[in-house]
file work.json (JSON, C-alpha atoms and all ligand atoms)
[["chain", "number", "residue", "atom", "x", "y", "z"],
["A", 1424, "MET", "CA", -55.20, 70.72, 82.52],
["A", 1425, "SER", "CA", -56.00, 70.96, 78.88],
["A", 1426, "PRO", "CA", -53.41, 72.79, 76.78],
["A", 1427, "ILE", "CA", -53.93, 76.02, 74.86],
["A", 1428, "ILE", "CA", -52.33, 76.56, 71.45],
["A", 1429, "ALA", "CA", -52.38, 80.07, 69.98],
["A", 1430, "ILE", "CA", -51.82, 80.29, 66.26],
["A", 1431, "GLU", "CA", -51.56, 83.96, 65.16],
["A", 1432, "GLU", "CA", -48.71, 85.21, 67.29],
["A", 1433, "HIS", "CA", -46.29, 87.66, 65.75],
["A", 1434, "TYR", "CA", -42.61, 88.48, 65.99],
["A", 1435, "ILE", "CA", -40.27, 90.66, 63.98],
["A", 1436, "THR", "CA", -36.95, 89.59, 62.55],
["A", 1437, "HIS", "CA", -33.98, 91.74, 63.40],
["A", 1438, "GLU", "CA", -33.03, 91.50, 59.74],
["A", 1439, "ILE", "CA", -35.77, 93.63, 58.20],
["A", 1440, "LYS", "CA", -37.27, 95.82, 60.87],
["A", 1441, "SER", "CA", -35.67, 98.94, 59.40],
["A", 1442, "LEU", "CA", -37.59, 98.27, 56.16],
["A", 1443, "ILE", "CA", -40.99, 98.15, 57.79],
["A", 1444, "ASP", "CA", -42.71, 101.46, 57.24],
["A", 1445, "ASN", "CA", -44.65, 101.69, 60.49],
["A", 1446, "TYR", "CA", -41.84, 100.30, 62.65],
["A", 1447, "ALA", "CA", -40.69, 103.67, 63.97],
["A", 1448, "SER", "CA", -44.22, 104.77, 64.82],
["A", 1449, "MET", "CA", -45.18, 101.55, 66.58],
["A", 1450, "PRO", "CA", -46.09, 101.97, 70.26],
["A", 1451, "ASP", "CA", -43.19, 100.94, 72.50],
["A", 1452, "HIS", "CA", -45.33, 98.18, 74.00],
["A", 1453, "THR", "CA", -45.71, 96.52, 70.60],
["A", 1454, "ARG", "CA", -42.18, 97.11, 69.34],
["A", 1455, "VAL", "CA", -40.55, 95.70, 72.45],
["A", 1456, "ARG", "CA", -42.67, 92.55, 72.31],
["A", 1457, "LEU", "CA", -42.25, 91.92, 68.59],
["A", 1458, "ASN", "CA", -38.49, 92.14, 69.08],
["A", 1459, "ASP", "CA", -38.39, 89.99, 72.16],
["A", 1460, "HIS", "CA", -38.35, 86.46, 70.88],
["A", 1461, "PHE", "CA", -38.04, 84.71, 74.22],
["A", 1462, "ASP", "CA", -38.18, 86.45, 77.60],
["A", 1463, "ILE", "CA", -41.33, 88.59, 77.56],
["A", 1464, "ARG", "CA", -43.01, 86.21, 75.12],
["A", 1465, "ILE", "CA", -42.59, 83.11, 77.26],
["A", 1466, "ARG", "CA", -43.42, 84.97, 80.46],
["A", 1467, "GLU", "CA", -46.67, 86.33, 79.04],
["A", 1468, "MET", "CA", -47.54, 82.89, 77.62],
["A", 1469, "ASP", "CA", -47.01, 81.34, 81.05],
["A", 1470, "GLU", "CA", -48.98, 84.05, 82.84],
["A", 1471, "ALA", "CA", -51.95, 83.48, 80.54],
["A", 1472, "GLY", "CA", -51.74, 79.69, 80.39],
["A", 1473, "ILE", "CA", -50.73, 79.49, 76.73],
["A", 1474, "ASP", "CA", -48.67, 76.36, 76.17],
["A", 1475, "PHE", "CA", -47.72, 76.72, 72.54],
["A", 1476, "GLN", "CA", -47.53, 79.47, 69.90],
["A", 1477, "ILE", "CA", -47.35, 79.33, 66.13],
["A", 1478, "LEU", "CA", -45.05, 82.24, 65.29],
["A", 1479, "SER", "CA", -45.54, 84.38, 62.23],
["A", 1480, "HIS", "CA", -43.69, 87.46, 61.04],
["A", 1481, "ASN", "CA", -45.33, 90.81, 61.52],
["A", 1482, "HIS", "CA", -46.92, 92.31, 58.40],
["A", 1483, "PRO", "CA", -45.65, 92.44, 55.67],
["A", 1484, "GLY", "CA", -42.84, 89.92, 56.27],
["A", 1485, "ALA", "CA", -41.00, 88.79, 53.14],
["A", 1486, "GLN", "CA", -43.52, 90.64, 50.97],
["A", 1487, "ILE", "CA", -41.51, 93.81, 51.60],
["A", 1488, "PHE", "CA", -38.45, 92.80, 49.57],
["A", 1489, "SER", "CA", -37.83, 93.67, 45.93],
["A", 1490, "PRO", "CA", -38.79, 90.93, 43.43],
["A", 1491, "GLU", "CA", -35.13, 90.32, 42.58],
["A", 1492, "THR", "CA", -33.91, 89.81, 46.13],
["A", 1493, "SER", "CA", -37.10, 88.49, 47.73],
["A", 1494, "ALA", "CA", -36.38, 84.77, 47.48],
["A", 1495, "LYS", "CA", -32.95, 85.07, 49.05],
["A", 1496, "GLN", "CA", -34.13, 87.46, 51.75],
["A", 1497, "ALA", "CA", -37.17, 85.33, 52.56],
["A", 1498, "ALA", "CA", -34.92, 82.29, 53.01],
["A", 1499, "LYS", "CA", -32.79, 84.28, 55.45],
["A", 1500, "LEU", "CA", -35.87, 85.43, 57.33],
["A", 1501, "ASN", "CA", -37.25, 81.90, 57.55],
["A", 1502, "ASP", "CA", -33.89, 80.49, 58.65],
["A", 1503, "GLU", "CA", -33.88, 82.97, 61.51],
["A", 1504, "LEU", "CA", -37.47, 82.00, 62.35],
["A", 1505, "ALA", "CA", -36.50, 78.31, 62.41],
["A", 1506, "SER", "CA", -33.63, 79.12, 64.75],
["A", 1507, "ILE", "CA", -36.03, 80.92, 67.12],
["A", 1508, "VAL", "CA", -38.35, 77.90, 67.14],
["A", 1509, "ALA", "CA", -35.37, 75.61, 67.75],
["A", 1510, "VAL", "CA", -34.64, 77.33, 71.08],
["A", 1511, "TYR", "CA", -38.06, 76.27, 72.48],
["A", 1512, "PRO", "CA", -39.35, 73.47, 70.25],
["A", 1513, "ASN", "CA", -41.83, 72.46, 72.95],
["A", 1514, "ARG", "CA", -43.32, 75.99, 72.98],
["A", 1515, "PHE", "CA", -43.09, 77.19, 69.35],
["A", 1516, "ALA", "CA", -43.78, 76.22, 65.76],
["A", 1517, "ALA", "CA", -43.97, 78.59, 62.79],
["A", 1518, "PHE", "CA", -45.68, 79.78, 59.65],
["A", 1519, "ALA", "CA", -43.24, 80.63, 56.85],
["A", 1520, "SER", "CA", -43.09, 84.08, 55.29],
["A", 1521, "LEU", "CA", -43.12, 83.85, 51.49],
["A", 1522, "PRO", "CA", -41.61, 85.98, 48.70],
["A", 1523, "MET", "CA", -44.91, 86.33, 46.83],
["A", 1524, "GLN", "CA", -43.26, 88.81, 44.46],
["A", 1525, "ALA", "CA", -41.79, 85.70, 42.78],
["A", 1526, "PRO", "CA", -44.60, 83.12, 43.08],
["A", 1527, "GLU", "CA", -42.69, 80.10, 41.74],
["A", 1528, "LYS", "CA", -39.87, 80.81, 44.17],
["A", 1529, "ALA", "CA", -42.41, 81.36, 46.94],
["A", 1530, "ALA", "CA", -43.76, 77.85, 46.28],
["A", 1531, "THR", "CA", -40.23, 76.44, 46.47],
["A", 1532, "GLU", "CA", -39.59, 78.35, 49.70],
["A", 1533, "LEU", "CA", -42.81, 76.98, 51.19],
["A", 1534, "GLU", "CA", -41.65, 73.46, 50.39],
["A", 1535, "ARG", "CA", -38.22, 74.11, 51.93],
["A", 1536, "CYS", "CA", -39.74, 75.57, 55.08],
["A", 1537, "VAL", "CA", -42.20, 72.72, 55.56],
["A", 1538, "THR", "CA", -39.97, 69.82, 54.52],
["A", 1539, "ASP", "CA", -36.60, 70.95, 55.88],
["A", 1540, "LYS", "CA", -37.57, 73.31, 58.68],
["A", 1541, "GLY", "CA", -40.73, 71.66, 60.00],
["A", 1542, "MET", "CA", -42.97, 74.70, 59.55],
["A", 1543, "CYS", "CA", -46.75, 74.30, 59.62],
["A", 1544, "GLY", "CA", -47.73, 76.32, 56.55],
["A", 1545, "ALA", "CA", -47.37, 79.95, 55.57],
["A", 1546, "MET", "CA", -48.87, 83.33, 56.29],
["A", 1547, "LEU", "CA", -49.64, 85.82, 53.51],
["A", 1548, "HIS", "CA", -50.41, 89.46, 54.23],
["A", 1549, "GLY", "CA", -53.13, 91.57, 52.60],
["A", 1550, "MET", "CA", -52.52, 92.42, 48.97],
["A", 1551, "LEU", "CA", -49.24, 92.64, 47.08],
["A", 1552, "ASN", "CA", -48.76, 95.90, 45.17],
["A", 1553, "GLY", "CA", -52.49, 96.30, 44.65],
["A", 1554, "GLU", "CA", -53.13, 92.67, 43.65],
["A", 1555, "PHE", "CA", -55.09, 90.01, 45.51],
["A", 1556, "PHE", "CA", -53.60, 86.52, 45.83],
["A", 1557, "ASP", "CA", -56.44, 84.80, 43.98],
["A", 1558, "LEU", "CA", -54.86, 85.86, 40.66],
["A", 1559, "PRO", "CA", -53.66, 82.77, 38.75],
["A", 1560, "LYS", "CA", -50.02, 83.85, 38.85],
["A", 1561, "PHE", "CA", -50.04, 83.12, 42.61],
["A", 1562, "TRP", "CA", -51.64, 79.69, 42.30],
["A", 1563, "PRO", "CA", -48.33, 77.77, 42.33],
["A", 1564, "VAL", "CA", -48.08, 78.67, 46.03],
["A", 1565, "PHE", "CA", -51.54, 77.28, 46.78],
["A", 1566, "ALA", "CA", -50.86, 74.21, 44.64],
["A", 1567, "LYS", "CA", -47.74, 73.52, 46.70],
["A", 1568, "ALA", "CA", -49.64, 74.02, 49.95],
["A", 1569, "GLU", "CA", -52.16, 71.43, 48.82],
["A", 1570, "ILE", "CA", -49.42, 68.91, 47.93],
["A", 1571, "LEU", "CA", -47.67, 69.48, 51.27],
["A", 1572, "ASP", "CA", -51.06, 69.40, 53.05],
["A", 1573, "VAL", "CA", -50.42, 72.62, 54.96],
["A", 1574, "PRO", "CA", -52.75, 75.62, 55.32],
["A", 1575, "ILE", "CA", -52.19, 79.15, 54.08],
["A", 1576, "TYR", "CA", -53.09, 81.83, 56.62],
["A", 1577, "LEU", "CA", -54.51, 84.98, 55.00],
["A", 1578, "HIS", "CA", -53.59, 87.80, 57.36],
["A", 1579, "PRO", "CA", -54.49, 91.46, 56.89],
["A", 1580, "GLY", "CA", -52.13, 94.02, 55.46],
["A", 1581, "VAL", "CA", -52.46, 97.80, 55.21],
["A", 1582, "PRO", "CA", -55.22, 98.35, 52.62],
["A", 1583, "ASP", "CA", -54.37, 99.37, 49.09],
["A", 1584, "LYS", "CA", -53.77, 103.12, 48.76],
["A", 1585, "ARG", "CA", -56.64, 103.57, 46.29],
["A", 1586, "VAL", "CA", -59.01, 102.05, 48.85],
["A", 1587, "SER", "CA", -57.55, 104.00, 51.77],
["A", 1588, "ASP", "CA", -57.89, 107.28, 49.89],
["A", 1589, "ALA", "CA", -61.48, 106.65, 48.82],
["A", 1590, "TYR", "CA", -62.81, 104.96, 51.95],
["A", 1591, "TYR", "CA", -60.76, 105.83, 54.99],
["A", 1592, "GLN", "CA", -58.63, 108.95, 54.78],
["A", 1593, "ASP", "CA", -61.32, 111.40, 55.97],
["A", 1594, "TYR", "CA", -61.34, 109.84, 59.40],
["A", 1595, "SER", "CA", -57.93, 108.18, 59.63],
["A", 1596, "LYS", "CA", -56.18, 111.11, 61.28],
["A", 1597, "GLU", "CA", -58.59, 111.20, 64.17],
["A", 1598, "PHE", "CA", -59.28, 107.46, 64.34],
["A", 1599, "LYS", "CA", -55.88, 105.91, 63.80],
["A", 1600, "LEU", "CA", -57.04, 102.32, 63.34],
["A", 1601, "PHE", "CA", -60.05, 102.99, 61.09],
["A", 1602, "ASN", "CA", -57.91, 102.05, 58.07],
["A", 1603, "THR", "CA", -56.57, 98.91, 59.73],
["A", 1604, "ALA", "CA", -57.72, 96.87, 62.74],
["A", 1605, "GLY", "CA", -60.73, 99.14, 63.40],
["A", 1606, "TRP", "CA", -62.38, 98.39, 60.03],
["A", 1607, "GLY", "CA", -60.17, 98.35, 56.91],
["A", 1608, "PHE", "CA", -58.43, 95.03, 57.65],
["A", 1609, "GLY", "CA", -61.67, 93.07, 57.86],
["A", 1610, "ILE", "CA", -63.12, 94.56, 54.69],
["A", 1611, "GLU", "CA", -59.98, 93.80, 52.71],
["A", 1612, "MET", "CA", -59.52, 90.26, 53.99],
["A", 1613, "SER", "CA", -63.17, 89.25, 53.66],
["A", 1614, "THR", "CA", -62.95, 90.50, 50.08],
["A", 1615, "ALA", "CA", -59.76, 88.46, 49.58],
["A", 1616, "ALA", "CA", -61.54, 85.35, 50.87],
["A", 1617, "VAL", "CA", -64.65, 85.78, 48.72],
["A", 1618, "ARG", "CA", -62.48, 86.40, 45.65],
["A", 1619, "LEU", "CA", -60.57, 83.20, 46.35],
["A", 1620, "VAL", "CA", -63.85, 81.26, 46.32],
["A", 1621, "LEU", "CA", -64.93, 82.94, 43.06],
["A", 1622, "SER", "CA", -61.56, 82.31, 41.39],
["A", 1623, "GLY", "CA", -62.21, 78.58, 41.00],
["A", 1624, "ILE", "CA", -59.03, 77.64, 42.87],
["A", 1625, "PHE", "CA", -60.88, 75.21, 45.14],
["A", 1626, "GLU", "CA", -62.21, 73.29, 42.15],
["A", 1627, "LYS", "CA", -58.66, 72.83, 40.93],
["A", 1628, "HIS", "CA", -57.25, 72.21, 44.42],
["A", 1629, "PRO", "CA", -59.95, 70.33, 46.34],
["A", 1630, "ASN", "CA", -57.77, 69.80, 49.43],
["A", 1631, "LEU", "CA", -56.54, 73.38, 49.79],
["A", 1632, "LYS", "CA", -56.98, 74.78, 53.31],
["A", 1633, "ILE", "CA", -57.13, 78.50, 54.13],
["A", 1634, "ILE", "CA", -57.11, 80.17, 57.55],
["A", 1635, "LEU", "CA", -58.65, 83.57, 58.29],
["A", 1636, "GLY", "CA", -58.06, 85.43, 61.55],
["A", 1637, "HIS", "CA", -60.39, 87.64, 63.58],
["A", 1638, "LEU", "CA", -63.22, 85.08, 63.57],
["A", 1639, "GLY", "CA", -63.36, 85.05, 59.78],
["A", 1640, "GLU", "CA", -63.10, 88.82, 59.18],
["A", 1641, "GLY", "CA", -66.89, 89.21, 59.39],
["A", 1642, "LEU", "CA", -67.72, 86.47, 56.88],
["A", 1643, "PRO", "CA", -69.51, 84.03, 59.22],
["A", 1644, "PHE", "CA", -72.09, 86.78, 59.86],
["A", 1645, "LEU", "CA", -72.50, 87.29, 56.11],
["A", 1646, "ILE", "CA", -72.37, 83.73, 54.74],
["A", 1647, "ASP", "CA", -76.10, 83.52, 54.10],
["A", 1648, "ARG", "CA", -76.33, 86.83, 52.27],
["A", 1649, "THR", "CA", -73.15, 86.20, 50.30],
["A", 1650, "HIS", "CA", -74.35, 82.72, 49.34],
["A", 1651, "GLU", "CA", -77.70, 84.15, 48.26],
["A", 1652, "GLY", "CA", -76.08, 86.84, 46.13],
["A", 1653, "ILE", "CA", -73.35, 84.72, 44.60],
["A", 1654, "THR", "CA", -74.85, 81.25, 44.34],
["A", 1655, "THR", "CA", -78.60, 81.57, 44.12],
["A", 1656, "ARG", "CA", -78.53, 84.38, 41.58],
["A", 1657, "GLN", "CA", -76.05, 82.77, 39.19],
["A", 1658, "SER", "CA", -77.40, 82.23, 35.71],
["A", 1659, "PRO", "CA", -77.76, 78.46, 35.11],
["A", 1660, "ASP", "CA", -75.38, 78.37, 32.12],
["A", 1661, "LYS", "CA", -72.46, 79.69, 34.22],
["A", 1662, "ARG", "CA", -69.97, 77.69, 36.32],
["A", 1663, "GLN", "CA", -71.86, 76.92, 39.53],
["A", 1664, "VAL", "CA", -70.18, 78.09, 42.72],
["A", 1665, "SER", "CA", -71.78, 77.21, 46.03],
["A", 1666, "PHE", "CA", -70.32, 79.90, 48.24],
["A", 1667, "ARG", "CA", -71.48, 78.35, 51.48],
["A", 1668, "ASP", "CA", -70.21, 74.85, 50.66],
["A", 1669, "ILE", "CA", -66.82, 76.02, 49.44],
["A", 1670, "PHE", "CA", -66.26, 78.51, 52.24],
["A", 1671, "CYS", "CA", -67.28, 76.14, 55.01],
["A", 1672, "LYS", "CA", -65.23, 73.27, 53.56],
["A", 1673, "HIS", "CA", -61.95, 75.05, 52.84],
["A", 1674, "PHE", "CA", -61.75, 77.84, 55.41],
["A", 1675, "TYR", "CA", -60.72, 77.72, 59.05],
["A", 1676, "ILE", "CA", -61.05, 80.77, 61.28],
["A", 1677, "THR", "CA", -59.25, 81.87, 64.41],
["A", 1678, "THR", "CA", -60.24, 83.94, 67.41],
["A", 1679, "SER", "CA", -57.35, 86.40, 66.97],
["A", 1680, "GLY", "CA", -58.28, 89.86, 68.22],
["A", 1681, "ASN", "CA", -61.98, 89.06, 68.34],
["A", 1682, "PHE", "CA", -62.94, 87.87, 71.80],
["A", 1683, "SER", "CA", -66.70, 88.17, 71.40],
["A", 1684, "ASP", "CA", -69.21, 85.58, 72.63],
["A", 1685, "SER", "CA", -71.82, 86.59, 70.06],
["A", 1686, "ALA", "CA", -69.33, 86.50, 67.15],
["A", 1687, "LEU", "CA", -68.11, 83.09, 68.36],
["A", 1688, "LEU", "CA", -71.67, 81.78, 68.59],
["A", 1689, "CYS", "CA", -72.42, 82.96, 65.06],
["A", 1690, "SER", "CA", -69.17, 81.35, 63.80],
["A", 1691, "LEU", "CA", -70.03, 78.07, 65.55],
["A", 1692, "MET", "CA", -73.52, 78.00, 64.08],
["A", 1693, "GLU", "CA", -72.31, 78.68, 60.55],
["A", 1694, "MET", "CA", -69.01, 76.77, 60.43],
["A", 1695, "GLY", "CA", -68.99, 74.27, 63.29],
["A", 1696, "SER", "CA", -66.44, 73.72, 66.05],
["A", 1697, "ASP", "CA", -64.04, 71.77, 63.81],
["A", 1698, "LYS", "CA", -63.24, 74.96, 61.90],
["A", 1699, "ILE", "CA", -62.44, 77.36, 64.74],
["A", 1700, "LEU", "CA", -58.99, 77.68, 66.34],
["A", 1701, "PHE", "CA", -57.79, 79.74, 69.26],
["A", 1702, "ALA", "CA", -55.42, 82.66, 68.59],
["A", 1703, "VAL", "CA", -54.53, 85.88, 70.37],
["A", 1704, "ASP", "CA", -52.80, 88.15, 67.78],
["A", 1705, "TRP", "CA", -50.02, 88.89, 70.25],
["A", 1706, "PRO", "CA", -48.67, 91.48, 70.90],
["A", 1707, "TYR", "CA", -51.50, 93.54, 69.40],
["A", 1708, "ASN", "CA", -53.80, 91.80, 71.85],
["A", 1709, "ASN", "CA", -53.12, 90.63, 75.35],
["A", 1710, "ASN", "CA", -52.71, 86.90, 76.06],
["A", 1711, "LYS", "CA", -54.63, 87.05, 79.34],
["A", 1712, "ASP", "CA", -57.60, 88.86, 77.77],
["A", 1713, "ALA", "CA", -57.82, 86.05, 75.23],
["A", 1714, "THR", "CA", -57.46, 83.09, 77.61],
["A", 1715, "ASN", "CA", -59.71, 84.65, 80.26],
["A", 1716, "TRP", "CA", -62.36, 85.07, 77.57],
["A", 1717, "ILE", "CA", -62.14, 81.59, 76.04],
["A", 1718, "LYS", "CA", -62.19, 79.93, 79.48],
["A", 1719, "LYS", "CA", -65.38, 81.79, 80.41],
["A", 1720, "THR", "CA", -67.30, 81.04, 77.21],
["A", 1721, "LYS", "CA", -70.17, 78.59, 77.45],
["A", 1722, "LEU", "CA", -68.54, 76.19, 74.98],
["A", 1723, "SER", "CA", -69.25, 72.50, 75.58],
["A", 1724, "PRO", "CA", -66.19, 70.61, 76.91],
["A", 1725, "ASP", "CA", -65.76, 68.93, 73.50],
["A", 1726, "ASP", "CA", -65.89, 72.19, 71.56],
["A", 1727, "TYR", "CA", -63.53, 73.85, 74.05],
["A", 1728, "GLN", "CA", -60.95, 71.11, 73.53],
["A", 1729, "LYS", "CA", -61.25, 71.37, 69.77],
["A", 1730, "ILE", "CA", -60.95, 75.14, 69.65],
["A", 1731, "THR", "CA", -58.14, 75.49, 72.18],
["A", 1732, "HIS", "CA", -55.86, 72.72, 70.90],
["A", 1733, "LEU", "CA", -57.27, 69.66, 69.11],
["A", 1734, "ASN", "CA", -58.08, 71.46, 65.84],
["A", 1735, "ALA", "CA", -54.64, 73.09, 65.75],
["A", 1736, "LYS", "CA", -52.87, 69.79, 66.41],
["A", 1737, "LYS", "CA", -54.75, 68.16, 63.55],
["A", 1738, "LEU", "CA", -54.61, 70.98, 61.00],
["A", 1739, "LEU", "CA", -50.97, 71.84, 61.67],
["A", 1740, "LYS", "CA", -49.84, 68.27, 62.45],
["A", 1741, "LEU", "CA", -48.24, 69.31, 65.73],
["A", 1742, "ASN", "CA", -46.44, 66.73, 67.80],
["A", 1743, "PHE", "CA", -47.22, 68.81, 70.86],
["A", 1744, "LYS", "CA", -48.53, 66.57, 73.64],
["B", 1, "MN", "MN", -52.18, 89.55, 63.39]]
call {"tool": "encode", "arguments": {"input": "work.json", "output": "structure tokens", "more": "lines below"}}
Ligand code: MN
result
Amino acid sequence: MSPIIAIEEHYITHEIKSLIDNYASMPDHTRVRLNDHFDIRIREMDEAGIDFQILSHNHPGAQIFSPETSAKQAAKLNDELASIVAVYPNRFAAFASLPMQAPEKAATELERCVTDKGMCGAMLHGMLNGEFFDLPKFWPVFAKAEILDVPIYLHPGVPDKRVSDAYYQDYSKEFKLFNTAGWGFGIEMSTAAVRLVLSGIFEKHPNLKIILGHLGEGLPFLIDRTHEGITTRQSPDKRQVSFRDIFCKHFYITTSGNFSDSALLCSLMEMGSDKILFAVDWPYNNNKDATNWIKKTKLSPDDYQKITHLNAKKLLKLNFK
């Protein structure tokens, strides 16, 4: 049997749950699972045939702390995460949670987590206080990721209030997830990804690797149009940015929360099977829904192996057999 590795699987640390603004309003189903680091998690992995999870803290992780305390608190959070992984090292690995409020310290924390704690990279969430992570002040984190040869996973966060007010509030009461998983997340994270390409960071850091969830947050469907608008219509005297080349070289996408054959086919045609990795987005999505879907897709045996485990093993340097 070929193994399945799922790489966007969340938990919540007991340390900071009281600070998370939507914690109290979370459905019981979600809250119980985020808090349960072992029993329900392992059982639902086994029931769905998931061999290995890369754990990441629920949004917003260490980005919730004040700038002054964030480095210390993030270290505590990541130490707890490492101790969870240590209980089942043959089932879990982890993405670090970084104190982006203090970017130099976040870079140091990334190094500590990868070098000392064996983590596979880091996950960043949405924006930080209305700022996207392509701003140069955050580049030390990406520079460190390149040196360590680990990816940075760009995961959605609750959209900026200015955006929510202008775009989403009219319908958010009736349609609770319009602002988030239903639409707002994808718009914000695809914007974050395009901005990262425009920022020039990949020219400075040619080996930087970025992961997007949810089959690329809509970008595979829009690569051609975005490339046309950004690359083809650049004036010749400006810095030339080939959107398609940069995006397809540096970005990896996962299947988290997007179990669609047509979206997968589009992603395969645009990005190729080396750039797609299996993920569930547990507990927001159900493990069995995800594995039942991937097993029934019409992927070739080679592509299936790559997407379900070989790409993850290579990108994240997992020792998992
Ligand atoms: Mn997620």
call {"tool": "residues_around", "arguments": {"input": "work.json", "residues": "stretch 1706-1721 of chain A", "least_positions_apart": "2", "cutoff": "10 Å", "atoms": "only C-alpha atoms", "output": "JSON, numbers by chain"}}
result
{"A": [1427, 1429, 1431, 1432, 1433, 1434, 1452, 1453, 1454, 1455, 1456, 1457, 1464, 1467, 1468, 1469, 1470, 1471, 1472, 1473, 1481, 1604, 1678, 1679, 1680, 1681, 1682, 1683, 1684, 1687, 1688, 1701, 1702, 1703, 1704, 1723, 1724, 1726, 1727, 1730, 1731]}
call {"tool": "write_last_selection", "arguments": {"input": "work.json", "atoms": "C-alpha atoms", "output": "JSON list (two decimals), in the coordinates of the input"}}
result
[["chain", "number", "residue", "atom", "x", "y", "z"],
["A", 1427, "ILE", "CA", -53.93, 76.02, 74.86],
["A", 1429, "ALA", "CA", -52.38, 80.07, 69.98],
["A", 1431, "GLU", "CA", -51.56, 83.96, 65.16],
["A", 1432, "GLU", "CA", -48.71, 85.21, 67.29],
["A", 1433, "HIS", "CA", -46.29, 87.66, 65.75],
["A", 1434, "TYR", "CA", -42.61, 88.48, 65.99],
["A", 1452, "HIS", "CA", -45.33, 98.18, 74.00],
["A", 1453, "THR", "CA", -45.71, 96.52, 70.60],
["A", 1454, "ARG", "CA", -42.18, 97.11, 69.34],
["A", 1455, "VAL", "CA", -40.55, 95.70, 72.45],
["A", 1456, "ARG", "CA", -42.67, 92.55, 72.31],
["A", 1457, "LEU", "CA", -42.25, 91.92, 68.59],
["A", 1464, "ARG", "CA", -43.01, 86.21, 75.12],
["A", 1467, "GLU", "CA", -46.67, 86.33, 79.04],
["A", 1468, "MET", "CA", -47.54, 82.89, 77.62],
["A", 1469, "ASP", "CA", -47.01, 81.34, 81.05],
["A", 1470, "GLU", "CA", -48.98, 84.05, 82.84],
["A", 1471, "ALA", "CA", -51.95, 83.48, 80.54],
["A", 1472, "GLY", "CA", -51.74, 79.69, 80.39],
["A", 1473, "ILE", "CA", -50.73, 79.49, 76.73],
["A", 1481, "ASN", "CA", -45.33, 90.81, 61.52],
["A", 1604, "ALA", "CA", -57.72, 96.87, 62.74],
["A", 1678, "THR", "CA", -60.24, 83.94, 67.41],
["A", 1679, "SER", "CA", -57.35, 86.40, 66.97],
["A", 1680, "GLY", "CA", -58.28, 89.86, 68.22],
["A", 1681, "ASN", "CA", -61.98, 89.06, 68.34],
["A", 1682, "PHE", "CA", -62.94, 87.87, 71.80],
["A", 1683, "SER", "CA", -66.70, 88.17, 71.40],
["A", 1684, "ASP", "CA", -69.21, 85.58, 72.63],
["A", 1687, "LEU", "CA", -68.11, 83.09, 68.36],
["A", 1688, "LEU", "CA", -71.67, 81.78, 68.59],
["A", 1701, "PHE", "CA", -57.79, 79.74, 69.26],
["A", 1702, "ALA", "CA", -55.42, 82.66, 68.59],
["A", 1703, "VAL", "CA", -54.53, 85.88, 70.37],
["A", 1704, "ASP", "CA", -52.80, 88.15, 67.78],
["A", 1723, "SER", "CA", -69.25, 72.50, 75.58],
["A", 1724, "PRO", "CA", -66.19, 70.61, 76.91],
["A", 1726, "ASP", "CA", -65.89, 72.19, 71.56],
["A", 1727, "TYR", "CA", -63.53, 73.85, 74.05],
["A", 1730, "ILE", "CA", -60.95, 75.14, 69.65],
["A", 1731, "THR", "CA", -58.14, 75.49, 72.18]]
call {"tool": "residues_around", "arguments": {"input": "work.json", "residues": "stretch 1631-1635 of chain A", "least_positions_apart": "6", "cutoff": "9 Å", "atoms": "only C-alpha atoms", "output": "list in words"}}
result
Met1546, Phe1565, Ala1566, Ala1568, Glu1569, Ile1570, Asp1572, Val1573, Pro1574, Ile1575, Tyr1576, Leu1577, His1578, Met1612, Ser1613, Ala1616, Ile1624, Phe1625, Lys1672, His1673, Phe1674, Tyr1675, Ile1676, Thr1677 and Leu1738 of chain A
call {"tool": "write_last_selection", "arguments": {"input": "work.json", "atoms": "C-alpha atoms", "output": "JSON list (two decimals), in the frame of the given file"}}
result
[["chain", "number", "residue", "atom", "x", "y", "z"],
["A", 1546, "MET", "CA", -48.87, 83.33, 56.29],
["A", 1565, "PHE", "CA", -51.54, 77.28, 46.78],
["A", 1566, "ALA", "CA", -50.86, 74.21, 44.64],
["A", 1568, "ALA", "CA", -49.64, 74.02, 49.95],
["A", 1569, "GLU", "CA", -52.16, 71.43, 48.82],
["A", 1570, "ILE", "CA", -49.42, 68.91, 47.93],
["A", 1572, "ASP", "CA", -51.06, 69.40, 53.05],
["A", 1573, "VAL", "CA", -50.42, 72.62, 54.96],
["A", 1574, "PRO", "CA", -52.75, 75.62, 55.32],
["A", 1575, "ILE", "CA", -52.19, 79.15, 54.08],
["A", 1576, "TYR", "CA", -53.09, 81.83, 56.62],
["A", 1577, "LEU", "CA", -54.51, 84.98, 55.00],
["A", 1578, "HIS", "CA", -53.59, 87.80, 57.36],
["A", 1612, "MET", "CA", -59.52, 90.26, 53.99],
["A", 1613, "SER", "CA", -63.17, 89.25, 53.66],
["A", 1616, "ALA", "CA", -61.54, 85.35, 50.87],
["A", 1624, "ILE", "CA", -59.03, 77.64, 42.87],
["A", 1625, "PHE", "CA", -60.88, 75.21, 45.14],
["A", 1672, "LYS", "CA", -65.23, 73.27, 53.56],
["A", 1673, "HIS", "CA", -61.95, 75.05, 52.84],
["A", 1674, "PHE", "CA", -61.75, 77.84, 55.41],
["A", 1675, "TYR", "CA", -60.72, 77.72, 59.05],
["A", 1676, "ILE", "CA", -61.05, 80.77, 61.28],
["A", 1677, "THR", "CA", -59.25, 81.87, 64.41],
["A", 1738, "LEU", "CA", -54.61, 70.98, 61.00]]
call {"tool": "closest_residue", "arguments": {"input": "work.json", "among": "A:Ala1516, A:Ala1447, A:Leu1691, A:Leu1547", "to": "ligand MN 1 (chain B)", "atoms": "only C-alpha atoms and all ligand atoms"}}
result
A:Leu1547
call {"tool": "residues_around", "arguments": {"input": "work.json", "residues": "A:Phe1518", "least_positions_apart": "4", "cutoff": "8 Å", "atoms": "all atoms listed in the file", "output": "ChimeraX atom specification"}}
result
/A:1477-1479,1542-1546
